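One file, model_33.cif, carrying mmCIF, N, CA and C atoms:
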```cif
data_coords
loop_
_atom_site.group_PDB
_atom_site.id
_atom_site.type_symbol
_atom_site.label_atom_id
_atom_site.label_comp_id
_atom_site.auth_asym_id
_atom_site.auth_seq_id
_atom_site.Cartn_x
_atom_site.Cartn_y
_atom_site.Cartn_z
ATOM 1 N N MET A 1 0.836 -1.175 0.000
ATOM 2 C CA MET A 1 0.000 0.000 0.000
ATOM 3 C C MET A 1 0.884 1.242 0.000
ATOM 4 N N LEU A 2 0.531 2.217 -0.791
ATOM 5 C CA LEU A 2 1.306 3.452 -0.891
ATOM 6 C C LEU A 2 0.833 4.460 0.141
ATOM 7 N N SER A 3 1.780 5.215 0.660
ATOM 8 C CA SER A 3 1.405 6.262 1.611
ATOM 9 C C SER A 3 0.916 7.488 0.854
ATOM 10 N N ALA A 4 0.267 8.371 1.565
ATOM 11 C CA ALA A 4 -0.226 9.608 0.951
ATOM 12 C C ALA A 4 0.911 10.490 0.483
ATOM 13 N N ALA A 5 2.112 10.297 1.049
ATOM 14 C CA ALA A 5 3.257 11.128 0.678
ATOM 15 C C ALA A 5 3.816 10.762 -0.688
ATOM 16 N N CYS A 6 3.502 9.576 -1.178
ATOM 17 C CA CYS A 6 4.070 9.130 -2.449
ATOM 18 C C CYS A 6 3.397 9.850 -3.608
ATOM 19 N N ILE A 7 4.202 10.392 -4.485
ATOM 20 C CA ILE A 7 3.695 11.091 -5.664
ATOM 21 C C ILE A 7 3.189 10.058 -6.660
ATOM 22 N N THR A 8 2.128 10.343 -7.339
ATOM 23 C CA THR A 8 1.571 9.390 -8.294
ATOM 24 C C THR A 8 2.483 9.222 -9.500
ATOM 25 N N THR A 9 2.331 8.101 -10.172
ATOM 26 C CA THR A 9 3.142 7.787 -11.340
ATOM 27 C C THR A 9 2.860 8.779 -12.461
ATOM 28 N N PRO A 10 3.908 9.330 -13.095
ATOM 29 C CA PRO A 10 3.686 10.251 -14.204
ATOM 30 C C PRO A 10 3.159 9.517 -15.430
ATOM 31 N N LEU A 11 2.624 10.266 -16.353
ATOM 32 C CA LEU A 11 2.138 9.688 -17.601
ATOM 33 C C LEU A 11 3.290 9.085 -18.390
ATOM 34 N N PRO A 12 3.024 8.045 -19.200
ATOM 35 C CA PRO A 12 4.082 7.454 -20.022
ATOM 36 C C PRO A 12 4.771 8.516 -20.876
ATOM 37 N N GLY A 13 6.086 8.410 -20.978
ATOM 38 C CA GLY A 13 6.858 9.355 -21.771
ATOM 39 C C GLY A 13 7.325 10.565 -20.994
ATOM 40 N N VAL A 14 6.780 10.769 -19.796
ATOM 41 C CA VAL A 14 7.215 11.886 -18.958
ATOM 42 C C VAL A 14 8.489 11.454 -18.242
ATOM 43 N N PRO A 15 9.507 12.302 -18.204
ATOM 44 C CA PRO A 15 10.767 11.922 -17.569
ATOM 45 C C PRO A 15 10.599 11.589 -16.089
ATOM 46 N N VAL A 16 11.559 10.831 -15.569
ATOM 47 C CA VAL A 16 11.614 10.525 -14.142
ATOM 48 C C VAL A 16 11.679 11.842 -13.375
ATOM 49 N N GLN A 17 10.962 11.917 -12.271
ATOM 50 C CA GLN A 17 10.939 13.132 -11.466
ATOM 51 C C GLN A 17 12.005 13.067 -10.377
ATOM 52 N N GLU A 18 12.773 14.144 -10.228
ATOM 53 C CA GLU A 18 13.703 14.245 -9.109
ATOM 54 C C GLU A 18 12.923 14.799 -7.926
ATOM 55 N N VAL A 19 12.963 14.097 -6.801
ATOM 56 C CA VAL A 19 12.196 14.492 -5.620
ATOM 57 C C VAL A 19 13.069 14.404 -4.372
ATOM 58 N N ASP A 20 12.554 14.942 -3.259
ATOM 59 C CA ASP A 20 13.274 14.810 -1.993
ATOM 60 C C ASP A 20 12.865 13.487 -1.335
ATOM 61 N N PRO A 21 13.647 13.019 -0.359
ATOM 62 C CA PRO A 21 13.389 11.703 0.248
ATOM 63 C C PRO A 21 11.985 11.539 0.835
ATOM 64 N N ALA A 22 11.399 12.581 1.371
ATOM 65 C CA ALA A 22 10.065 12.470 1.971
ATOM 66 C C ALA A 22 9.002 12.115 0.939
ATOM 67 N N ALA A 23 9.220 12.467 -0.308
ATOM 68 C CA ALA A 23 8.222 12.240 -1.360
ATOM 69 C C ALA A 23 8.106 10.778 -1.769
ATOM 70 N N VAL A 24 9.074 9.944 -1.417
ATOM 71 C CA VAL A 24 9.039 8.544 -1.848
ATOM 72 C C VAL A 24 8.680 7.583 -0.715
ATOM 73 N N ARG A 25 8.243 8.101 0.417
ATOM 74 C CA ARG A 25 7.787 7.217 1.499
ATOM 75 C C ARG A 25 6.638 6.358 0.992
ATOM 76 N N GLY A 26 6.753 5.065 1.177
ATOM 77 C CA GLY A 26 5.714 4.154 0.722
ATOM 78 C C GLY A 26 5.891 3.678 -0.704
ATOM 79 N N CYS A 27 6.856 4.214 -1.412
ATOM 80 C CA CYS A 27 7.134 3.785 -2.785
ATOM 81 C C CYS A 27 8.066 2.576 -2.767
ATOM 82 N N THR A 28 8.201 1.926 -3.883
ATOM 83 C CA THR A 28 9.062 0.753 -3.999
ATOM 84 C C THR A 28 10.447 1.168 -4.461
ATOM 85 N N TRP A 29 11.467 0.850 -3.647
ATOM 86 C CA TRP A 29 12.849 1.128 -4.032
ATOM 87 C C TRP A 29 13.185 0.244 -5.224
ATOM 88 N N THR A 30 13.819 0.816 -6.235
ATOM 89 C CA THR A 30 14.189 0.072 -7.436
ATOM 90 C C THR A 30 15.666 -0.280 -7.420
ATOM 91 N N THR A 31 16.521 0.726 -7.298
ATOM 92 C CA THR A 31 17.959 0.489 -7.307
ATOM 93 C C THR A 31 18.704 1.752 -6.897
ATOM 94 N N ASP A 32 19.956 1.578 -6.475
ATOM 95 C CA ASP A 32 20.855 2.708 -6.284
ATOM 96 C C ASP A 32 21.659 2.863 -7.566
ATOM 97 N N LEU A 33 21.907 4.097 -7.954
ATOM 98 C CA LEU A 33 22.588 4.386 -9.213
ATOM 99 C C LEU A 33 23.792 5.282 -8.979
ATOM 100 N N GLU A 34 24.771 5.160 -9.858
ATOM 101 C CA GLU A 34 25.936 6.049 -9.836
ATOM 102 C C GLU A 34 26.371 6.309 -11.270
ATOM 103 N N VAL A 35 26.670 7.563 -11.558
ATOM 104 C CA VAL A 35 27.143 7.962 -12.884
ATOM 105 C C VAL A 35 28.418 8.765 -12.709
ATOM 106 N N THR A 36 29.419 8.438 -13.495
ATOM 107 C CA THR A 36 30.660 9.202 -13.531
ATOM 108 C C THR A 36 30.941 9.552 -14.982
ATOM 109 N N ALA A 37 31.291 10.810 -15.233
ATOM 110 C CA ALA A 37 31.588 11.256 -16.596
ATOM 111 C C ALA A 37 32.757 12.231 -16.555
ATOM 112 N N MET A 38 33.455 12.321 -17.654
ATOM 113 C CA MET A 38 34.554 13.280 -17.758
ATOM 114 C C MET A 38 33.995 14.697 -17.749
ATOM 115 N N ARG A 39 34.684 15.586 -17.065
ATOM 116 C CA ARG A 39 34.322 17.006 -17.094
ATOM 117 C C ARG A 39 34.854 17.567 -18.403
ATOM 118 N N ASP A 40 33.958 18.032 -19.260
ATOM 119 C CA ASP A 40 34.425 18.499 -20.563
ATOM 120 C C ASP A 40 33.753 19.779 -21.042
ATOM 121 N N SER A 41 32.869 20.353 -20.237
ATOM 122 C CA SER A 41 32.151 21.533 -20.718
ATOM 123 C C SER A 41 32.862 22.838 -20.379
ATOM 124 N N GLY A 42 33.790 22.800 -19.428
ATOM 125 C CA GLY A 42 34.428 24.028 -18.977
ATOM 126 C C GLY A 42 33.621 24.754 -17.916
ATOM 127 N N SER A 43 32.426 24.259 -17.624
ATOM 128 C CA SER A 43 31.554 24.860 -16.614
ATOM 129 C C SER A 43 31.200 23.804 -15.568
ATOM 130 N N PRO A 44 31.605 23.998 -14.311
ATOM 131 C CA PRO A 44 31.258 23.022 -13.273
ATOM 132 C C PRO A 44 29.746 22.783 -13.169
ATOM 133 N N ALA A 45 28.958 23.836 -13.251
ATOM 134 C CA ALA A 45 27.503 23.685 -13.153
ATOM 135 C C ALA A 45 26.955 22.841 -14.303
ATOM 136 N N ALA A 46 27.466 23.049 -15.497
ATOM 137 C CA ALA A 46 27.009 22.278 -16.657
ATOM 138 C C ALA A 46 27.406 20.810 -16.528
ATOM 139 N N ASP A 47 28.607 20.550 -16.020
ATOM 140 C CA ASP A 47 29.048 19.164 -15.827
ATOM 141 C C ASP A 47 28.178 18.448 -14.798
ATOM 142 N N LEU A 48 27.842 19.128 -13.697
ATOM 143 C CA LEU A 48 26.981 18.533 -12.676
ATOM 144 C C LEU A 48 25.574 18.290 -13.217
ATOM 145 N N GLN A 49 25.072 19.202 -14.015
ATOM 146 C CA GLN A 49 23.748 19.030 -14.617
ATOM 147 C C GLN A 49 23.744 17.837 -15.567
ATOM 148 N N ARG A 50 24.817 17.683 -16.324
ATOM 149 C CA ARG A 50 24.900 16.570 -17.286
ATOM 150 C C ARG A 50 24.877 15.221 -16.575
ATOM 151 N N VAL A 51 25.639 15.066 -15.470
ATOM 152 C CA VAL A 51 25.630 13.772 -14.785
ATOM 153 C C VAL A 51 24.282 13.526 -14.100
ATOM 154 N N LYS A 52 23.618 14.587 -13.651
ATOM 155 C CA LYS A 52 22.285 14.412 -13.069
ATOM 156 C C LYS A 52 21.314 13.925 -14.141
ATOM 157 N N GLU A 53 21.397 14.479 -15.344
ATOM 158 C CA GLU A 53 20.529 14.037 -16.438
ATOM 159 C C GLU A 53 20.816 12.587 -16.825
ATOM 160 N N LEU A 54 22.085 12.184 -16.806
ATOM 161 C CA LEU A 54 22.434 10.787 -17.069
ATOM 162 C C LEU A 54 21.850 9.871 -15.997
ATOM 163 N N LEU A 55 21.884 10.320 -14.750
ATOM 164 C CA LEU A 55 21.315 9.556 -13.641
ATOM 165 C C LEU A 55 19.802 9.395 -13.817
ATOM 166 N N LEU A 56 19.122 10.464 -14.192
ATOM 167 C CA LEU A 56 17.679 10.398 -14.449
ATOM 168 C C LEU A 56 17.367 9.426 -15.589
ATOM 169 N N SER A 57 18.195 9.430 -16.623
ATOM 170 C CA SER A 57 18.008 8.527 -17.753
ATOM 171 C C SER A 57 18.171 7.068 -17.324
ATOM 172 N N GLN A 58 19.179 6.785 -16.501
ATOM 173 C CA GLN A 58 19.379 5.416 -16.002
ATOM 174 C C GLN A 58 18.199 4.968 -15.151
ATOM 175 N N ALA A 59 17.676 5.875 -14.345
ATOM 176 C CA ALA A 59 16.518 5.534 -13.512
ATOM 177 C C ALA A 59 15.329 5.156 -14.391
ATOM 178 N N ARG A 60 15.092 5.902 -15.447
ATOM 179 C CA ARG A 60 13.994 5.619 -16.381
ATOM 180 C C ARG A 60 14.184 4.239 -17.021
ATOM 181 N N GLU A 61 15.424 3.916 -17.436
ATOM 182 C CA GLU A 61 15.707 2.624 -18.064
ATOM 183 C C GLU A 61 15.403 1.462 -17.127
ATOM 184 N N ARG A 62 15.490 1.697 -15.833
ATOM 185 C CA ARG A 62 15.240 0.647 -14.847
ATOM 186 C C ARG A 62 13.795 0.647 -14.343
ATOM 187 N N GLY A 63 12.940 1.417 -14.996
ATOM 188 C CA GLY A 63 11.525 1.404 -14.669
ATOM 189 C C GLY A 63 11.125 2.278 -13.498
ATOM 190 N N ALA A 64 12.005 3.164 -13.071
ATOM 191 C CA ALA A 64 11.691 4.047 -11.948
ATOM 192 C C ALA A 64 10.821 5.212 -12.408
ATOM 193 N N THR A 65 10.086 5.763 -11.471
ATOM 194 C CA THR A 65 9.287 6.954 -11.743
ATOM 195 C C THR A 65 9.845 8.170 -11.016
ATOM 196 N N HIS A 66 10.640 7.923 -9.962
ATOM 197 C CA HIS A 66 11.157 9.006 -9.129
ATOM 198 C C HIS A 66 12.607 8.725 -8.748
ATOM 199 N N LEU A 67 13.363 9.793 -8.558
ATOM 200 C CA LEU A 67 14.780 9.681 -8.214
ATOM 201 C C LEU A 67 15.101 10.650 -7.087
ATOM 202 N N VAL A 68 15.794 10.131 -6.074
ATOM 203 C CA VAL A 68 16.326 10.966 -4.999
ATOM 204 C C VAL A 68 17.829 11.056 -5.236
ATOM 205 N N VAL A 69 18.310 12.229 -5.629
ATOM 206 C CA VAL A 69 19.743 12.429 -5.857
ATOM 207 C C VAL A 69 20.399 12.625 -4.496
ATOM 208 N N THR A 70 21.374 11.772 -4.189
ATOM 209 C CA THR A 70 22.028 11.833 -2.881
ATOM 210 C C THR A 70 23.374 12.531 -2.926
ATOM 211 N N GLU A 71 23.966 12.624 -4.114
ATOM 212 C CA GLU A 71 25.275 13.280 -4.217
ATOM 213 C C GLU A 71 25.522 13.739 -5.643
ATOM 214 N N ARG A 72 26.089 14.931 -5.763
ATOM 215 C CA ARG A 72 26.641 15.427 -7.028
ATOM 216 C C ARG A 72 27.951 16.089 -6.648
ATOM 217 N N ASP A 73 29.031 15.726 -7.333
ATOM 218 C CA ASP A 73 30.342 16.201 -6.918
ATOM 219 C C ASP A 73 31.276 16.281 -8.121
ATOM 220 N N LEU A 74 32.257 17.147 -8.008
ATOM 221 C CA LEU A 74 33.327 17.245 -9.002
ATOM 222 C C LEU A 74 34.599 16.724 -8.360
ATOM 223 N N ARG A 75 35.269 15.810 -9.042
ATOM 224 C CA ARG A 75 36.511 15.231 -8.534
ATOM 225 C C ARG A 75 37.531 15.211 -9.662
ATOM 226 N N PHE A 76 38.529 16.039 -9.518
ATOM 227 C CA PHE A 76 39.574 16.166 -10.528
ATOM 228 C C PHE A 76 38.941 16.380 -11.902
ATOM 229 N N ALA A 77 39.106 15.429 -12.817
ATOM 230 C CA ALA A 77 38.565 15.582 -14.166
ATOM 231 C C ALA A 77 37.216 14.883 -14.328
ATOM 232 N N LEU A 78 36.597 14.481 -13.211
ATOM 233 C CA LEU A 78 35.345 13.733 -13.274
ATOM 234 C C LEU A 78 34.198 14.473 -12.599
ATOM 235 N N ALA A 79 33.008 14.248 -13.110
ATOM 236 C CA ALA A 79 31.773 14.685 -12.463
ATOM 237 C C ALA A 79 31.043 13.414 -12.035
ATOM 238 N N LEU A 80 30.492 13.422 -10.825
ATOM 239 C CA LEU A 80 29.881 12.236 -10.241
ATOM 240 C C LEU A 80 28.483 12.569 -9.726
ATOM 241 N N ALA A 81 27.547 11.639 -9.910
ATOM 242 C CA ALA A 81 26.210 11.773 -9.325
ATOM 243 C C ALA A 81 25.775 10.402 -8.819
ATOM 244 N N ARG A 82 25.128 10.407 -7.647
ATOM 245 C CA ARG A 82 24.584 9.180 -7.065
ATOM 246 C C ARG A 82 23.145 9.442 -6.656
ATOM 247 N N GLY A 83 22.349 8.380 -6.665
ATOM 248 C CA GLY A 83 20.973 8.530 -6.225
ATOM 249 C C GLY A 83 20.284 7.188 -6.073
ATOM 250 N N SER A 84 19.072 7.235 -5.559
ATOM 251 C CA SER A 84 18.239 6.049 -5.390
ATOM 252 C C SER A 84 16.978 6.219 -6.225
ATOM 253 N N ALA A 85 16.648 5.172 -6.970
ATOM 254 C CA ALA A 85 15.485 5.198 -7.853
ATOM 255 C C ALA A 85 14.319 4.463 -7.195
ATOM 256 N N TYR A 86 13.114 4.990 -7.400
ATOM 257 C CA TYR A 86 11.897 4.426 -6.808
ATOM 258 C C TYR A 86 10.792 4.341 -7.847
ATOM 259 N N ARG A 87 9.872 3.404 -7.616
ATOM 260 C CA ARG A 87 8.677 3.294 -8.446
ATOM 261 C C ARG A 87 7.484 3.623 -7.554
ATOM 262 N N CYS A 88 6.734 4.626 -7.933
ATOM 263 C CA CYS A 88 5.560 5.068 -7.172
ATOM 264 C C CYS A 88 4.333 4.995 -8.073
ATOM 265 N N GLY A 89 3.222 4.729 -7.482
ATOM 266 C CA GLY A 89 2.006 4.789 -8.276
ATOM 267 C C GLY A 89 1.117 3.603 -8.118
#
```

Kindly return the structure encoded in the file as structure tokens.
Amino acid sequence: MLSAACITTPLPGVPVQEVDPAAVRGCTWTTDLEVTAMRDSGSPAADLQRVKELLLSQARERGATHLVVTERDLRFALALARGSAYRCG
């Protein structure tokens, strides 16, 4: 049974939603994800956004509807993002 805090499943074709941890209470955990990519844009903000988008894409491929991003970081020549994917609805 889903809790009232769980956001409903988006319509097909709608991207995975990034949410805070409270929004996925009662949802089904799907998987933990990690993405690492080379920093190549010259802009730290753009590199962090790119790895977050890759993380959202991986969550969608695994059937998730929601993603809680737990970390975004720049390390030397790499950009890193981690998160947990959930299925709600």

request  = Just the strand (DSSP E or B) stuff from chain A, please, per backbone DSSP, written as a VMD selection string.
outcome  = chain A and resid 17 to 18 28 to 38 66 to 75 78 to 87

message = Report as a list in words all protein, DNA and RNA residues lying within 8 Å of Lys52 in chain A, evaluated on only N, CA and C atoms, omitting residues in the same chain fewer than 2 positions from it.
response = Val35, Ala46, Asp47, Leu48, Gln49, Arg50, Leu54, Leu55, Leu56, Ser57, Gln58, Val69, Arg72, Ala79, Leu80, Ala81 and Arg82 of chain A

note = Pairwise distance, CA of Arg60 in chain A with CA of Gly26 in chain A, equals 19.1 Å

message = Under the PyMOL selection byres (((chain A and resi 20 and name CA) around 9) and name CA), which residues of this model are included? Write them out as number ranges by chain.
response = A: 18-19, 21-24, 67-69

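Atom to atom, atom C of Arg39 in chain A and atom C of Thr65 in chain A stand 27.7 Å apart.
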
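When the PyMOL selection byres ((chain A and resi 64) around 8) is evaluated against the file, it yields Pro15, Val16, Gln17, Trp29, Thr30, Thr31, Gln58, Ala59, Arg60, Glu61, Arg62, Gly63, Thr65, His66, Leu67, Ala85, Tyr86, Arg87 and Cys88 of chain A.
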
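Taking only chain A, the residues that DSSP calls alpha helix (DSSP H) from the backbone come to Pro44, Ala45, Ala46, Asp47, Leu48, Gln49, Arg50, Val51, Lys52, Glu53, Leu54, Leu55, Leu56, Ser57, Gln58, Ala59, Arg60 and Glu61 of chain A.
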
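When CA of Asp40 in chain A is paired with CA of Glu71 in chain A, their separation reads 19.4 Å.
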
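Distance annotation: of A:Thr70, A:Gly89, A:Leu78, A:Ser84, the residue with the minimal separation from Leu33 in chain A is A:Ser84; atom set is only N, CA and C atoms.
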
request  = Have a look at A:Asp32, A:Ala37, A:Ala45, A:Cys27 and name the one nearest to Ala77 in chain A; count only N, CA and C atoms.
outcome  = A:Ala37

Adding 5 Å on each side of the box along x, y and z that holds all listed atoms of range 69-86 of chain A, could you give its centre and edge lengths in Å to one decimal, as lines of an AutoDock Vina configuration file?
```
center_x = 25.2
center_y = 10.8
center_z = -8.6
size_x = 38.8
size_y = 22.9
size_z = 21.4
```

Starting from the block above, write range 26-89 of chain A out to a file with C-alpha atoms, as an mmCIF file, in the first residue's frame, please.
```cif
data_model
loop_
_atom_site.group_PDB
_atom_site.id
_atom_site.type_symbol
_atom_site.label_atom_id
_atom_site.label_comp_id
_atom_site.auth_asym_id
_atom_site.auth_seq_id
_atom_site.Cartn_x
_atom_site.Cartn_y
_atom_site.Cartn_z
ATOM 1 C CA GLY A 26 5.714 4.154 0.722
ATOM 2 C CA CYS A 27 7.134 3.785 -2.785
ATOM 3 C CA THR A 28 9.062 0.753 -3.999
ATOM 4 C CA TRP A 29 12.849 1.128 -4.032
ATOM 5 C CA THR A 30 14.189 0.072 -7.436
ATOM 6 C CA THR A 31 17.959 0.489 -7.307
ATOM 7 C CA ASP A 32 20.855 2.708 -6.284
ATOM 8 C CA LEU A 33 22.588 4.386 -9.213
ATOM 9 C CA GLU A 34 25.936 6.049 -9.836
ATOM 10 C CA VAL A 35 27.143 7.962 -12.884
ATOM 11 C CA THR A 36 30.660 9.202 -13.531
ATOM 12 C CA ALA A 37 31.588 11.256 -16.596
ATOM 13 C CA MET A 38 34.554 13.280 -17.758
ATOM 14 C CA ARG A 39 34.322 17.006 -17.094
ATOM 15 C CA ASP A 40 34.425 18.499 -20.563
ATOM 16 C CA SER A 41 32.151 21.533 -20.718
ATOM 17 C CA GLY A 42 34.428 24.028 -18.977
ATOM 18 C CA SER A 43 31.554 24.860 -16.614
ATOM 19 C CA PRO A 44 31.258 23.022 -13.273
ATOM 20 C CA ALA A 45 27.503 23.685 -13.153
ATOM 21 C CA ALA A 46 27.009 22.278 -16.657
ATOM 22 C CA ASP A 47 29.048 19.164 -15.827
ATOM 23 C CA LEU A 48 26.981 18.533 -12.676
ATOM 24 C CA GLN A 49 23.748 19.030 -14.617
ATOM 25 C CA ARG A 50 24.900 16.570 -17.286
ATOM 26 C CA VAL A 51 25.630 13.772 -14.785
ATOM 27 C CA LYS A 52 22.285 14.412 -13.069
ATOM 28 C CA GLU A 53 20.529 14.037 -16.438
ATOM 29 C CA LEU A 54 22.434 10.787 -17.069
ATOM 30 C CA LEU A 55 21.315 9.556 -13.641
ATOM 31 C CA LEU A 56 17.679 10.398 -14.449
ATOM 32 C CA SER A 57 18.008 8.527 -17.753
ATOM 33 C CA GLN A 58 19.379 5.416 -16.002
ATOM 34 C CA ALA A 59 16.518 5.534 -13.512
ATOM 35 C CA ARG A 60 13.994 5.619 -16.381
ATOM 36 C CA GLU A 61 15.707 2.624 -18.064
ATOM 37 C CA ARG A 62 15.240 0.647 -14.847
ATOM 38 C CA GLY A 63 11.525 1.404 -14.669
ATOM 39 C CA ALA A 64 11.691 4.047 -11.948
ATOM 40 C CA THR A 65 9.287 6.954 -11.743
ATOM 41 C CA HIS A 66 11.157 9.006 -9.129
ATOM 42 C CA LEU A 67 14.780 9.681 -8.214
ATOM 43 C CA VAL A 68 16.326 10.966 -4.999
ATOM 44 C CA VAL A 69 19.743 12.429 -5.857
ATOM 45 C CA THR A 70 22.028 11.833 -2.881
ATOM 46 C CA GLU A 71 25.275 13.280 -4.217
ATOM 47 C CA ARG A 72 26.641 15.427 -7.028
ATOM 48 C CA ASP A 73 30.342 16.201 -6.918
ATOM 49 C CA LEU A 74 33.327 17.245 -9.002
ATOM 50 C CA ARG A 75 36.511 15.231 -8.534
ATOM 51 C CA PHE A 76 39.574 16.166 -10.528
ATOM 52 C CA ALA A 77 38.565 15.582 -14.166
ATOM 53 C CA LEU A 78 35.345 13.733 -13.274
ATOM 54 C CA ALA A 79 31.773 14.685 -12.463
ATOM 55 C CA LEU A 80 29.881 12.236 -10.241
ATOM 56 C CA ALA A 81 26.210 11.773 -9.325
ATOM 57 C CA ARG A 82 24.584 9.180 -7.065
ATOM 58 C CA GLY A 83 20.973 8.530 -6.225
ATOM 59 C CA SER A 84 18.239 6.049 -5.390
ATOM 60 C CA ALA A 85 15.485 5.198 -7.853
ATOM 61 C CA TYR A 86 11.897 4.426 -6.808
ATOM 62 C CA ARG A 87 8.677 3.294 -8.446
ATOM 63 C CA CYS A 88 5.560 5.068 -7.172
ATOM 64 C CA GLY A 89 2.006 4.789 -8.276
#
```
